[in-house]
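Engineer: Structure below; questions to follow.
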Amino acid sequence: MHSFYLAWKYIIYNRIKTAVLVACVTLIAFLPFALQLLLEESERQLTSRAVSTPLVIGAKGSALDLVMNTLYFGDEHPEAIRMEAVNRIWDSELALPIPVYTRFKARGFPIVGTTLDYFEFRRLEPASGRNMAVLGECVVGARVSADLNLKPGGSLVSSPESLFDLAGVYPLKMKVVGVLEKAHTSDDLAVFVDLKTAWVIQGLGHGHQDVTRLTDPSLVLKRSGSNVAATAKLYHYMEISDKNIGSFHFHGNTDGYPITAVIAVPADEKSGTILQGRYLSKNENQQILRPKVVIDGLLQNIFRIKNVLDAVVSVVALATIMAIVLVFALSLRLRQSEIQTIFKIGCSRLTIAKLLAAEIMIIVAASGFLCGFLLMVVNRFTNDLVRRLFIG
Amino acid sequence: MISGSAMVETESLKFQYHESSFHLSIPYFAVQAGEKVAVVGPSGSGKTTLLNLLAGILAPMEGSIKVGKTAVSDLNDAGRREFRIRNIGFVFQDFELLDYLSVLDNILHPYRITDALKLTGEVRQRAILLAEQMGVDSHIKKHPKELSQGEKQRTAICRAMLPQPKLILADEATGNLDPENKTRILDLLFAAVDDHGTTLLAVTHDHELLRRFDRVIDFNHFQSDGPG
């Protein structure tokens with residue numbers, strides 16, 4: 001144990017040199033493991049969801065953006081399509097269409113406008129509360145609930161898209177009616193609302209005072225028979241409650257309202273193939289995608305990059321190891337006088353070797369500990385890191 | 001003609017460094033137990049080589065070396081090493097303290113580099129007592145870089161004395177000290193060897209200090225050649 005005591009004293013005295021060595025060894029051990037950890041998690045997250053989603057239909061454009069946004073609610077929003085795309089699939093009787101509208105956010109988390117079919121399709125069950133039932137209600141993912149401390153009975157306000165766009169999207173205070181069970185997918189990070197609630201957030205549907213009963217002349221622009229034109233001063237409700245829900249309405253035909261994409265769940269493989277065939281026309285302004293194919297392409301690129309990174313890490317590791325060997329060799333040269341002294345006092349060469357070995361072991365152990373700690377931290381945040389790195 | 005009462009005795013000693021023209025030849029050399037002997041001679045005459053031979057760091061080519069009752073020249077490397085750490089204390093010109101150890105750890109250092117010496121509570125107490133005697137007890141937690149030259153050499157003497165060696169070999173122990181410290185260090189070294197009945201063999205170039213030794217051995221009387 002004296003070897004370790006002396007080695008420890010040497011290391012503590014030369015703490016800067018030791019810190020540099022520990023940092024170098026930690027880095028060369030940590031990088032490949034962390035990379036592997038991240039890639040395995042990204043592969044798991046991306047593949048599992050892509051495999052479980054048979055078909056996605058959306059606007060023509062970037063297939064990757066469409067899949068990443070529809071499946072993982074990523075930040076890159078593809079061009080919107082019209083609600084009639086859902087009806088087209090219903091009419092085909094080839095698949096169950098599940099609309100998804102992901103344009104809005106609430107306190108940094110995506111608001112996903114969809115139908116109850118989505119929950120059944122993803123096998124999402126409320127851990128507490130219930131599913132959304134009426135306009136203005138929302139169900140939050142497990143992570144949203146934990147991060148924002150939301151429980152059934154609480155409320156969540158949607159974020160305005162731009163602070164300076166007075167004519168733009170206004171915030172809507174939503175009632176939290178349920179918290180979903182942890183799914184370890186992007187659903188944990190989403191706020192689910194009914195499609196119509198998403199349209200209310202956008203301003204396509206709204207609720208306001210009953211204009212037929214207005215008494216304040218400054219609120220009325222024009223009256224003609226039963227028709228009343230209100231001024232901009234008319235109060236619009238920012239929250240949907242039992243009292244005002246009856247006043248909420250939509251102008252125009254909802255078939256033309258926007259959605260991001262449609263998840264199509266075909267009855268069987270053949271139906272899926274037929275459905276795909278219906279989107280092959282050159283004049284078609286929508287595309288149909290198999291998410292697995294898109295994600296496989298992405299993963300291939302990621303693993304190509306990983307191979308390059310592996311090569312870079314190997315070269316860096318080799319250079320670092322050589323530098324460490326050089327540091328030890330130089331250190332030995334500088335310590336020749338010390339080694340001669342302890343040899344003269346009566347220390348054997350084996351003991352001197354043990355002293356040096358103890359120093360190396362302490363440095364390697366410290367690096368191993370630090371590397372393990374860093375990997376634990378990475379592991380703890382892998383989900384977020386993968387989302388940040390690969391999904392956006 | 002090896003006698004029984006001498007602490008150090010060599011006979012027909014011959015040594016030559018590998019691939020070197022230097023050679024040392026000492027027909028007979030003896031130091032009595034408890035004696036304080038100074039070794040003088042020109043640079044390169046082989047004074048340090050003699051100390052290394054007596055300590056068993058070097059092995060003679062011919063002749064015999066006896067320290068106490070042990071025939072050092074008959075021992076193998078490991079035996080000479082164990083003999084050295086148990087029986088011989090070294091004091092060097094450059095102190096040779098380890099920068100990364102405190103004063104106390106430097107004094108205890110011989111006990112931490114060999115299984116031949118056991119570091120016990122009693123040894124620690126003795127180390128602190130020695131530090132008190134040498135006047136470095138107030139610096140016991142300091143590192144060598146925080147000490148003056150004199151304090152460093154006093155610490156080195158503590159390290160040499162702690163295992164209670166039979167023989168102290170001092171190689172220019174006062175060579176790097178100012179006149180005031182030279183006298184003080186020599187006083188302390190003499191007091192320590194007198195207290196413990198230790199034999200002192202000191203190589204020195206300082207002729208002013210010679211009168212304080214029991215005896216002076218002049219290396220000009222031995223046959224040597226080349227750098228030693």
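The chains in the structure tokens are called A, B, ... from first to last as shown; in each chain the residues are counted from 1, and the ligands are counted from 1 in the order shown.
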Under the rule of at most 9 Å, produce a per-residue listing of range 80-154 of chain B near range 340-359 of chain A: chain, number, name, the closest pair of atoms, and the distance in Å, as JSON lines, using only C-alpha atoms.
Structural biologist:
```
{"residue": "B:Arg80", "atom": "CA", "partner": "A:Gly346", "partner_atom": "CA", "distance": 8.5}
{"residue": "B:Arg81", "atom": "CA", "partner": "A:Gly346", "partner_atom": "CA", "distance": 5.0}
{"residue": "B:Glu82", "atom": "CA", "partner": "A:Gly346", "partner_atom": "CA", "distance": 6.6}
{"residue": "B:Phe83", "atom": "CA", "partner": "A:Gly346", "partner_atom": "CA", "distance": 8.3}
{"residue": "B:Arg84", "atom": "CA", "partner": "A:Gly346", "partner_atom": "CA", "distance": 5.9}
{"residue": "B:Ile85", "atom": "CA", "partner": "A:Gly346", "partner_atom": "CA", "distance": 4.8}
{"residue": "B:Arg86", "atom": "CA", "partner": "A:Gly346", "partner_atom": "CA", "distance": 8.6}
{"residue": "B:Ile88", "atom": "CA", "partner": "A:Ile345", "partner_atom": "CA", "distance": 8.2}
{"residue": "B:Gly89", "atom": "CA", "partner": "A:Ile345", "partner_atom": "CA", "distance": 7.4}
{"residue": "B:Phe90", "atom": "CA", "partner": "A:Ile345", "partner_atom": "CA", "distance": 6.8}
{"residue": "B:Glu96", "atom": "CA", "partner": "A:Thr341", "partner_atom": "CA", "distance": 6.4}
{"residue": "B:Leu97", "atom": "CA", "partner": "A:Thr341", "partner_atom": "CA", "distance": 8.4}
{"residue": "B:His109", "atom": "CA", "partner": "A:Ile342", "partner_atom": "CA", "distance": 8.6}
{"residue": "B:Pro110", "atom": "CA", "partner": "A:Ile345", "partner_atom": "CA", "distance": 6.8}
{"residue": "B:Ile113", "atom": "CA", "partner": "A:Cys347", "partner_atom": "CA", "distance": 5.6}
{"residue": "B:Thr114", "atom": "CA", "partner": "A:Cys347", "partner_atom": "CA", "distance": 6.0}
```
Engineer: Those selected residues, please, written with all heavy atoms and delivered as a tab-separated table (two decimals), in the first residue's frame.
Structural biologist:
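The file below, part35.tsv, is the result:
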```tsv
chain	number	residue	atom	x	y	z
B	80	ARG	N	22.60	-6.94	-0.61
B	80	ARG	CA	23.29	-5.65	-0.38
B	80	ARG	C	22.26	-4.53	-0.17
B	80	ARG	O	22.44	-3.67	0.66
B	80	ARG	CB	24.19	-5.31	-1.58
B	80	ARG	CG	25.42	-6.18	-1.68
B	80	ARG	CD	26.52	-5.48	-2.46
B	80	ARG	NE	26.10	-5.03	-3.77
B	80	ARG	CZ	26.18	-5.75	-4.87
B	80	ARG	NH1	26.66	-6.97	-4.84
B	80	ARG	NH2	25.78	-5.26	-6.02
B	81	ARG	N	21.15	-4.62	-0.96
B	81	ARG	CA	20.10	-3.59	-0.84
B	81	ARG	C	19.46	-3.63	0.54
B	81	ARG	O	19.27	-2.60	1.19
B	81	ARG	CB	19.04	-3.86	-1.92
B	81	ARG	CG	18.30	-2.64	-2.36
B	81	ARG	CD	17.58	-2.84	-3.65
B	81	ARG	NE	16.89	-4.12	-3.74
B	81	ARG	CZ	17.07	-5.00	-4.70
B	81	ARG	NH1	17.92	-4.74	-5.67
B	81	ARG	NH2	16.42	-6.13	-4.72
B	82	GLU	N	19.13	-4.82	0.97
B	82	GLU	CA	18.49	-4.97	2.28
B	82	GLU	C	19.45	-4.55	3.39
B	82	GLU	O	19.05	-3.90	4.36
B	82	GLU	CB	18.02	-6.42	2.48
B	82	GLU	CG	17.11	-6.54	3.69
B	82	GLU	CD	16.42	-7.88	3.77
B	82	GLU	OE1	16.21	-8.51	2.72
B	82	GLU	OE2	16.10	-8.28	4.91
B	83	PHE	N	20.73	-4.95	3.22
B	83	PHE	CA	21.74	-4.57	4.21
B	83	PHE	C	21.85	-3.05	4.27
B	83	PHE	O	21.91	-2.45	5.35
B	83	PHE	CB	23.09	-5.19	3.82
B	83	PHE	CG	24.20	-4.72	4.73
B	83	PHE	CD1	24.38	-5.26	5.99
B	83	PHE	CD2	25.07	-3.70	4.31
B	83	PHE	CE1	25.39	-4.81	6.83
B	83	PHE	CE2	26.07	-3.24	5.15
B	83	PHE	CZ	26.23	-3.80	6.40
B	84	ARG	N	21.86	-2.43	3.09
B	84	ARG	CA	22.03	-0.97	3.01
B	84	ARG	C	20.91	-0.24	3.73
B	84	ARG	O	21.14	0.66	4.53
B	84	ARG	CB	22.06	-0.57	1.53
B	84	ARG	CG	22.23	0.90	1.28
B	84	ARG	CD	22.74	1.14	-0.12
B	84	ARG	NE	21.74	0.94	-1.17
B	84	ARG	CZ	21.83	0.06	-2.13
B	84	ARG	NH1	22.86	-0.77	-2.19
B	84	ARG	NH2	20.89	-0.05	-3.06
B	85	ILE	N	19.67	-0.66	3.46
B	85	ILE	CA	18.55	0.10	4.02
B	85	ILE	C	18.44	-0.10	5.54
B	85	ILE	O	17.98	0.77	6.25
B	85	ILE	CB	17.23	-0.25	3.30
B	85	ILE	CG1	16.25	0.91	3.47
B	85	ILE	CG2	16.62	-1.56	3.79
B	85	ILE	CD1	15.23	1.02	2.39
B	86	ARG	N	18.92	-1.25	6.02
B	86	ARG	CA	18.87	-1.50	7.46
B	86	ARG	C	20.04	-0.86	8.20
B	86	ARG	O	19.90	-0.47	9.36
B	86	ARG	CB	18.92	-3.01	7.74
B	86	ARG	CG	17.62	-3.75	7.51
B	86	ARG	CD	17.85	-5.20	7.87
B	86	ARG	NE	16.76	-6.07	7.47
B	86	ARG	CZ	15.65	-6.24	8.18
B	86	ARG	NH1	15.50	-5.59	9.30
B	86	ARG	NH2	14.71	-7.05	7.75
B	88	ILE	N	22.76	1.38	6.74
B	88	ILE	CA	23.53	2.53	6.26
B	88	ILE	C	22.61	3.71	5.98
B	88	ILE	O	21.57	3.57	5.33
B	88	ILE	CB	24.34	2.16	4.99
B	88	ILE	CG1	25.39	1.12	5.37
B	88	ILE	CG2	25.00	3.39	4.37
B	88	ILE	CD1	26.17	0.56	4.24
B	89	GLY	N	23.01	4.86	6.49
B	89	GLY	CA	22.27	6.08	6.20
B	89	GLY	C	23.08	6.95	5.27
B	89	GLY	O	24.29	7.07	5.42
B	90	PHE	N	22.39	7.51	4.28
B	90	PHE	CA	23.09	8.35	3.29
B	90	PHE	C	22.70	9.82	3.50
B	90	PHE	O	21.53	10.15	3.65
B	90	PHE	CB	22.64	7.95	1.88
B	90	PHE	CG	23.67	7.17	1.13
B	90	PHE	CD1	23.52	5.81	0.90
B	90	PHE	CD2	24.81	7.81	0.64
B	90	PHE	CE1	24.48	5.10	0.20
B	90	PHE	CE2	25.76	7.09	-0.06
B	90	PHE	CZ	25.60	5.73	-0.29
B	96	GLU	N	18.73	15.61	-1.87
B	96	GLU	CA	17.96	14.55	-2.52
B	96	GLU	C	16.63	14.25	-1.80
B	96	GLU	O	16.24	13.10	-1.65
B	96	GLU	CB	18.77	13.25	-2.64
B	96	GLU	CG	20.14	13.41	-3.28
B	96	GLU	CD	20.11	13.61	-4.78
B	96	GLU	OE1	19.01	13.65	-5.35
B	96	GLU	OE2	21.20	13.76	-5.37
B	97	LEU	N	15.98	15.33	-1.40
B	97	LEU	CA	14.63	15.14	-0.83
B	97	LEU	C	13.63	15.08	-1.98
B	97	LEU	O	13.89	15.62	-3.06
B	97	LEU	CB	14.29	16.31	0.10
B	97	LEU	CG	15.20	16.49	1.31
B	97	LEU	CD1	14.83	17.75	2.07
B	97	LEU	CD2	15.11	15.27	2.25
B	109	HIS	N	10.44	8.20	4.46
B	109	HIS	CA	10.51	7.60	3.13
B	109	HIS	C	11.18	6.22	3.08
B	109	HIS	O	10.65	5.30	2.44
B	109	HIS	CB	11.17	8.57	2.15
B	109	HIS	CG	11.01	8.20	0.73
B	109	HIS	ND1	12.03	8.22	-0.16
B	109	HIS	CD2	9.93	7.77	0.04
B	109	HIS	CE1	11.59	7.83	-1.34
B	109	HIS	NE2	10.32	7.56	-1.24
B	110	PRO	N	12.34	6.01	3.74
B	110	PRO	CA	12.98	4.69	3.67
B	110	PRO	C	12.04	3.56	4.09
B	110	PRO	O	12.12	2.43	3.59
B	110	PRO	CB	14.16	4.80	4.63
B	110	PRO	CG	14.47	6.25	4.70
B	110	PRO	CD	13.16	6.95	4.54
B	113	ILE	N	9.63	2.36	1.12
B	113	ILE	CA	10.12	1.83	-0.16
B	113	ILE	C	10.72	0.44	-0.01
B	113	ILE	O	11.30	-0.09	-0.96
B	113	ILE	CB	11.14	2.78	-0.82
B	113	ILE	CG1	12.28	3.11	0.14
B	113	ILE	CG2	10.46	4.05	-1.32
B	113	ILE	CD1	13.41	3.89	-0.50
B	114	THR	N	10.59	-0.14	1.15
B	114	THR	CA	11.12	-1.50	1.31
B	114	THR	C	10.32	-2.24	2.37
B	114	THR	O	9.77	-1.64	3.29
B	114	THR	CB	12.60	-1.46	1.73
B	114	THR	OG1	13.05	-2.78	1.96
B	114	THR	CG2	12.82	-0.64	2.98
```
Engineer: Residues within 10 Å of range 122-127 of chain B, please, as a list in words. Count only C-alpha atoms; anything in the same chain fewer than 4 positions from it doesn't count.
Structural biologist: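 Returned residues: Leu104, Asp105, Ile107, Leu108, Tyr111, Leu117, Lys118, Ala131, Glu132, Gln133, Asp137, Ile140, Cys158, Arg159, Met161, Leu162 and Pro163 of chain B.
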Engineer: Let me see the file: selected residues, N, CA, C and O atoms, as an mmCIF file, in the first residue's frame.
Structural biologist:
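Ended up saving to result.cif:
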```
data_model
loop_
_atom_site.group_PDB
_atom_site.id
_atom_site.type_symbol
_atom_site.label_atom_id
_atom_site.label_comp_id
_atom_site.auth_asym_id
_atom_site.auth_seq_id
_atom_site.Cartn_x
_atom_site.Cartn_y
_atom_site.Cartn_z
ATOM 1 N N LEU B 104 7.893 15.334 6.950
ATOM 2 C CA LEU B 104 7.704 14.085 7.701
ATOM 3 C C LEU B 104 7.729 12.876 6.767
ATOM 4 O O LEU B 104 8.362 11.856 7.075
ATOM 5 N N ASP B 105 7.052 13.006 5.619
ATOM 6 C CA ASP B 105 7.041 11.881 4.675
ATOM 7 C C ASP B 105 8.429 11.609 4.109
ATOM 8 O O ASP B 105 8.770 10.462 3.826
ATOM 9 N N ILE B 107 11.206 12.085 5.765
ATOM 10 C CA ILE B 107 11.958 11.407 6.840
ATOM 11 C C ILE B 107 11.552 9.922 6.904
ATOM 12 O O ILE B 107 12.383 9.041 7.087
ATOM 13 N N LEU B 108 10.258 9.678 6.699
ATOM 14 C CA LEU B 108 9.746 8.298 6.782
ATOM 15 C C LEU B 108 9.953 7.516 5.474
ATOM 16 O O LEU B 108 9.653 6.319 5.420
ATOM 17 N N TYR B 111 11.124 3.858 5.002
ATOM 18 C CA TYR B 111 10.194 2.835 5.495
ATOM 19 C C TYR B 111 9.096 2.518 4.486
ATOM 20 O O TYR B 111 8.397 1.516 4.625
ATOM 21 N N LEU B 117 11.946 -2.664 6.326
ATOM 22 C CA LEU B 117 11.663 -1.776 7.462
ATOM 23 C C LEU B 117 10.148 -1.671 7.631
ATOM 24 O O LEU B 117 9.425 -1.527 6.649
ATOM 25 N N LYS B 118 9.705 -1.770 8.862
ATOM 26 C CA LYS B 118 8.249 -1.693 9.122
ATOM 27 C C LYS B 118 7.900 -0.330 9.710
ATOM 28 O O LYS B 118 8.477 0.073 10.720
ATOM 29 N N ALA B 131 13.055 15.057 14.230
ATOM 30 C CA ALA B 131 12.779 16.357 13.617
ATOM 31 C C ALA B 131 12.926 17.467 14.661
ATOM 32 O O ALA B 131 13.452 18.550 14.356
ATOM 33 N N GLU B 132 12.484 17.190 15.887
ATOM 34 C CA GLU B 132 12.632 18.168 16.978
ATOM 35 C C GLU B 132 14.117 18.420 17.256
ATOM 36 O O GLU B 132 14.546 19.567 17.376
ATOM 37 N N GLN B 133 14.864 17.312 17.338
ATOM 38 C CA GLN B 133 16.299 17.444 17.629
ATOM 39 C C GLN B 133 17.016 18.241 16.537
ATOM 40 O O GLN B 133 17.945 18.987 16.819
ATOM 41 N N ASP B 137 10.948 20.406 13.303
ATOM 42 C CA ASP B 137 9.626 19.916 13.717
ATOM 43 C C ASP B 137 8.508 20.894 13.358
ATOM 44 O O ASP B 137 7.377 20.488 13.118
ATOM 45 N N ILE B 140 7.191 20.277 9.652
ATOM 46 C CA ILE B 140 6.951 18.860 9.348
ATOM 47 C C ILE B 140 5.935 18.629 8.225
ATOM 48 O O ILE B 140 5.992 17.643 7.500
ATOM 49 N N CYS B 158 17.772 13.633 9.217
ATOM 50 C CA CYS B 158 16.710 12.886 9.925
ATOM 51 C C CYS B 158 16.382 11.595 9.158
ATOM 52 O O CYS B 158 16.226 10.525 9.758
ATOM 53 N N ARG B 159 16.231 11.733 7.836
ATOM 54 C CA ARG B 159 15.908 10.562 7.004
ATOM 55 C C ARG B 159 17.003 9.500 7.124
ATOM 56 O O ARG B 159 16.710 8.307 7.226
ATOM 57 N N MET B 161 19.096 9.099 9.636
ATOM 58 C CA MET B 161 19.252 8.592 11.009
ATOM 59 C C MET B 161 18.080 7.718 11.462
ATOM 60 O O MET B 161 18.246 6.895 12.373
ATOM 61 N N LEU B 162 16.905 7.931 10.857
ATOM 62 C CA LEU B 162 15.691 7.280 11.380
ATOM 63 C C LEU B 162 15.791 5.758 11.494
ATOM 64 O O LEU B 162 15.387 5.192 12.521
ATOM 65 N N PRO B 163 16.318 5.068 10.479
ATOM 66 C CA PRO B 163 16.379 3.596 10.618
ATOM 67 C C PRO B 163 17.466 3.128 11.600
ATOM 68 O O PRO B 163 17.751 1.936 11.673
#
```
Engineer: Could you pull out the strand (DSSP E) residues of range 9-221 of chain B from DSSP and send them as number ranges by chain?
Structural biologist: B: 9-16, 23-32, 36-40, 62-67, 70-71, 88-91, 167-171, 199-203, 215-218
Engineer: Can you list, as a ChimeraX atom specification, every protein, DNA or RNA residue that comes within 12 Å of Ile168 in chain B when you count only C-alpha atoms, leaving out same-chain residues fewer than 3 positions away?
Structural biologist: /A:345 /B:7-8,31,33-38,51,54-55,67,84-92,156-165,171,173,189-190,192-194,196-203
Engineer: Take the residues from that selection and write them out as a short mmCIF file (atom, residue, chain, number, x, y, z; two decimals), in the first residue's frame, keeping N, CA and C atoms.
Structural biologist:
```cif
data_model
loop_
_atom_site.label_atom_id
_atom_site.label_comp_id
_atom_site.auth_asym_id
_atom_site.auth_seq_id
_atom_site.Cartn_x
_atom_site.Cartn_y
_atom_site.Cartn_z
N ILE A 345 19.12 4.70 -1.44
CA ILE A 345 18.64 4.48 -0.07
C ILE A 345 18.41 2.98 0.17
N MET B 7 34.25 -1.04 12.35
CA MET B 7 32.90 -0.96 11.77
C MET B 7 32.97 -1.12 10.26
N VAL B 8 34.02 -0.53 9.68
CA VAL B 8 34.23 -0.67 8.23
C VAL B 8 35.65 -1.17 8.02
N VAL B 31 37.62 1.76 9.54
CA VAL B 31 37.04 2.79 10.40
C VAL B 31 36.48 2.08 11.62
N ALA B 33 34.29 1.48 15.12
CA ALA B 33 32.90 1.77 15.50
C ALA B 33 32.84 3.07 16.30
N GLY B 34 31.90 3.94 15.98
CA GLY B 34 31.71 5.20 16.68
C GLY B 34 32.67 6.29 16.26
N GLU B 35 33.57 5.95 15.34
CA GLU B 35 34.55 6.93 14.88
C GLU B 35 33.92 7.90 13.88
N LYS B 36 34.42 9.15 13.88
CA LYS B 36 33.97 10.14 12.89
C LYS B 36 35.15 10.44 11.98
N VAL B 37 35.04 9.96 10.76
CA VAL B 37 36.19 10.02 9.86
C VAL B 37 35.87 10.88 8.64
N ALA B 38 36.78 11.75 8.32
CA ALA B 38 36.63 12.57 7.11
C ALA B 38 37.48 11.97 6.00
N LEU B 51 32.37 5.34 -1.13
CA LEU B 51 31.11 5.33 -0.37
C LEU B 51 30.11 4.37 -1.00
N LEU B 54 31.10 0.83 -0.21
CA LEU B 54 30.80 0.46 1.19
C LEU B 54 29.30 0.24 1.38
N ALA B 55 28.50 1.04 0.66
CA ALA B 55 27.04 0.93 0.79
C ALA B 55 26.47 -0.24 0.01
N VAL B 67 31.23 -4.48 6.71
CA VAL B 67 30.61 -3.41 7.50
C VAL B 67 29.96 -4.08 8.70
N ARG B 84 21.86 -2.43 3.09
CA ARG B 84 22.03 -0.97 3.01
C ARG B 84 20.91 -0.24 3.73
N ILE B 85 19.67 -0.66 3.46
CA ILE B 85 18.55 0.10 4.02
C ILE B 85 18.44 -0.10 5.54
N ARG B 86 18.92 -1.25 6.02
CA ARG B 86 18.87 -1.50 7.46
C ARG B 86 20.04 -0.86 8.20
N ASN B 87 21.19 -0.77 7.56
CA ASN B 87 22.42 -0.45 8.30
C ASN B 87 23.14 0.82 7.89
N ILE B 88 22.76 1.38 6.74
CA ILE B 88 23.53 2.53 6.26
C ILE B 88 22.61 3.71 5.98
N GLY B 89 23.01 4.86 6.49
CA GLY B 89 22.27 6.08 6.20
C GLY B 89 23.08 6.95 5.27
N PHE B 90 22.39 7.51 4.28
CA PHE B 90 23.09 8.35 3.29
C PHE B 90 22.70 9.82 3.50
N VAL B 91 23.71 10.70 3.46
CA VAL B 91 23.42 12.14 3.42
C VAL B 91 24.13 12.67 2.19
N PHE B 92 23.32 13.30 1.31
CA PHE B 92 23.88 13.74 0.02
C PHE B 92 24.14 15.25 0.01
N ALA B 156 17.26 15.83 5.60
CA ALA B 156 17.96 14.68 5.00
C ALA B 156 18.70 13.87 6.07
N ILE B 157 19.26 14.57 7.06
CA ILE B 157 19.96 13.86 8.15
C ILE B 157 18.94 13.04 8.96
N CYS B 158 17.77 13.63 9.22
CA CYS B 158 16.71 12.89 9.92
C CYS B 158 16.38 11.60 9.16
N ARG B 159 16.23 11.73 7.84
CA ARG B 159 15.91 10.56 7.00
C ARG B 159 17.00 9.50 7.12
N ALA B 160 18.26 9.95 7.13
CA ALA B 160 19.38 8.99 7.21
C ALA B 160 19.44 8.33 8.58
N MET B 161 19.10 9.10 9.64
CA MET B 161 19.25 8.59 11.01
C MET B 161 18.08 7.72 11.46
N LEU B 162 16.91 7.93 10.86
CA LEU B 162 15.69 7.28 11.38
C LEU B 162 15.79 5.76 11.49
N PRO B 163 16.32 5.07 10.48
CA PRO B 163 16.38 3.60 10.62
C PRO B 163 17.47 3.13 11.60
N GLN B 164 18.05 4.07 12.34
CA GLN B 164 19.11 3.78 13.32
C GLN B 164 20.24 2.97 12.68
N PRO B 165 20.86 3.56 11.65
CA PRO B 165 21.92 2.81 10.94
C PRO B 165 23.20 2.71 11.78
N ASP B 171 28.14 12.40 1.80
CA ASP B 171 28.90 12.79 0.60
C ASP B 171 28.77 14.30 0.40
N ALA B 173 28.20 16.61 2.53
CA ALA B 173 26.94 16.99 3.17
C ALA B 173 26.82 18.48 3.44
N LEU B 189 24.82 16.83 13.12
CA LEU B 189 25.18 15.49 12.63
C LEU B 189 26.05 14.76 13.66
N PHE B 190 27.02 15.49 14.20
CA PHE B 190 27.90 14.89 15.21
C PHE B 190 27.10 14.51 16.46
N ALA B 192 23.96 13.79 16.63
CA ALA B 192 23.09 12.65 16.33
C ALA B 192 23.88 11.35 16.31
N VAL B 193 25.05 11.35 15.68
CA VAL B 193 25.83 10.10 15.62
C VAL B 193 26.37 9.73 17.00
N ASP B 194 26.72 10.78 17.80
CA ASP B 194 27.18 10.50 19.17
C ASP B 194 26.07 9.89 20.00
N HIS B 196 23.58 8.13 19.10
CA HIS B 196 23.22 6.76 18.70
C HIS B 196 24.42 5.84 18.56
N GLY B 197 25.61 6.37 18.81
CA GLY B 197 26.82 5.56 18.68
C GLY B 197 27.08 5.13 17.25
N THR B 198 26.66 5.99 16.33
CA THR B 198 26.80 5.66 14.89
C THR B 198 28.19 6.07 14.40
N THR B 199 28.67 5.32 13.44
CA THR B 199 29.95 5.63 12.82
C THR B 199 29.70 6.58 11.66
N LEU B 200 30.55 7.58 11.50
CA LEU B 200 30.36 8.57 10.43
C LEU B 200 31.56 8.57 9.51
N LEU B 201 31.26 8.44 8.24
CA LEU B 201 32.32 8.54 7.23
C LEU B 201 31.87 9.63 6.26
N ALA B 202 32.59 10.75 6.28
CA ALA B 202 32.13 11.90 5.52
C ALA B 202 33.15 12.34 4.50
N VAL B 203 32.72 12.41 3.26
CA VAL B 203 33.58 12.97 2.21
C VAL B 203 33.42 14.48 2.26
#
```
Engineer: CA of Ile245 in chain A to CA of Ser128 in chain A: how many Å, to one decimal?
Structural biologist: 24.4 Å
Engineer: Using only C-alpha atoms, which of B:Phe22, B:Tyr28, B:Tyr100, B:Phe15 sits nearest chain A?
Structural biologist: B:Tyr100
Engineer: So the first atom is CA of Leu309 in chain A and the second is CA of Glu43 in chain A; what is the distance between them in Å, to one decimal place?
Structural biologist: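 Value for the CA of Leu309 in chain A-CA of Glu43 in chain A distance: 16.6 Å.
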Engineer: From the options B:Phe219, B:Pro27, B:Ser21, B:Gln32, which residue's atoms come nearest to Leu167 in chain B, counting only C-alpha atoms?
Structural biologist: B:Gln32
Engineer: Env of range 198-215 of chain A: 8 Å cut, atoms = only C-alpha atoms, seq-sep filter 6 positions within chain, self excluded. Answer as a PyMOL selection string.
Structural biologist: chain A and resi 101+104+111-113+158+168-172+226-230+234-237+244-251+257
Engineer: Which residues are near Thr174 in chain B? Cut-off 10 Å, only C-alpha atoms, ignore same chain within fewer than 4 positions. Put them as a VMD selection string.
Structural biologist: chain B and resid 91 to 95 149 to 150 153 170 178 to 179 181 to 186 202 to 206 209
Engineer: Excluding same-chain residues fewer than 3 positions from range 48-65 of chain A, what lies within 7 Å of it counting only C-alpha atoms, as a list in words?
Structural biologist: Arg44, Gln45, Met68, Asn69, Glu76, His77, Pro78, Glu79, Ala80, Ile81, Thr260, Ala261, Val262, Ile263, Ala264, Val265, Asn285, Gln286, Gln287, Ile288, Leu289, Arg290, Pro291, Lys292, Val294 and Ile295 of chain A
Engineer: Per DSSP on the backbone, what are the alpha helix (DSSP H) residues of range 19-70 of chain B, as a list in words?
Structural biologist: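 Residues meeting the alpha helix (DSSP H) criterion: Lys47, Thr48, Thr49, Leu50, Leu51, Asn52, Leu53 and Leu54 of chain B.
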Engineer: Taking into account only C-alpha atoms, which residue in the set A:Lys222, A:His184, A:Lys196, A:Arg335 is nearest to Thr115 in chain A?
Structural biologist: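 For Thr115 in chain A, the nearest of the candidates is A:Lys196.
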Engineer: For Asp99 in chain B, which of B:Asn176, B:Leu75, B:Glu9, B:His143 is the closest residue, counting only C-alpha atoms?
Structural biologist: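 Going through B:Asn176, B:Leu75, B:Glu9, B:His143 one by one, the smallest distance to Asp99 in chain B is for B:His143.
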Engineer: Tell me which protein, DNA and RNA residues are within 10 Å of Gly141 in chain A, counting only C-alpha atoms, leaving out same-chain ones fewer than 5 positions away, and put them as a list in words.
Structural biologist: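 Near neighbours after the sequence-gap exclusion: Phe109, Leu124, Pro126, Ala127, Ala146, Leu150, Gly178, Val179, Leu180, Glu181, Lys182, Ala183, His184, Thr185, Ser186, Asp187, Asp188, Leu189, Ala190, Val191 and Phe192 of chain A.
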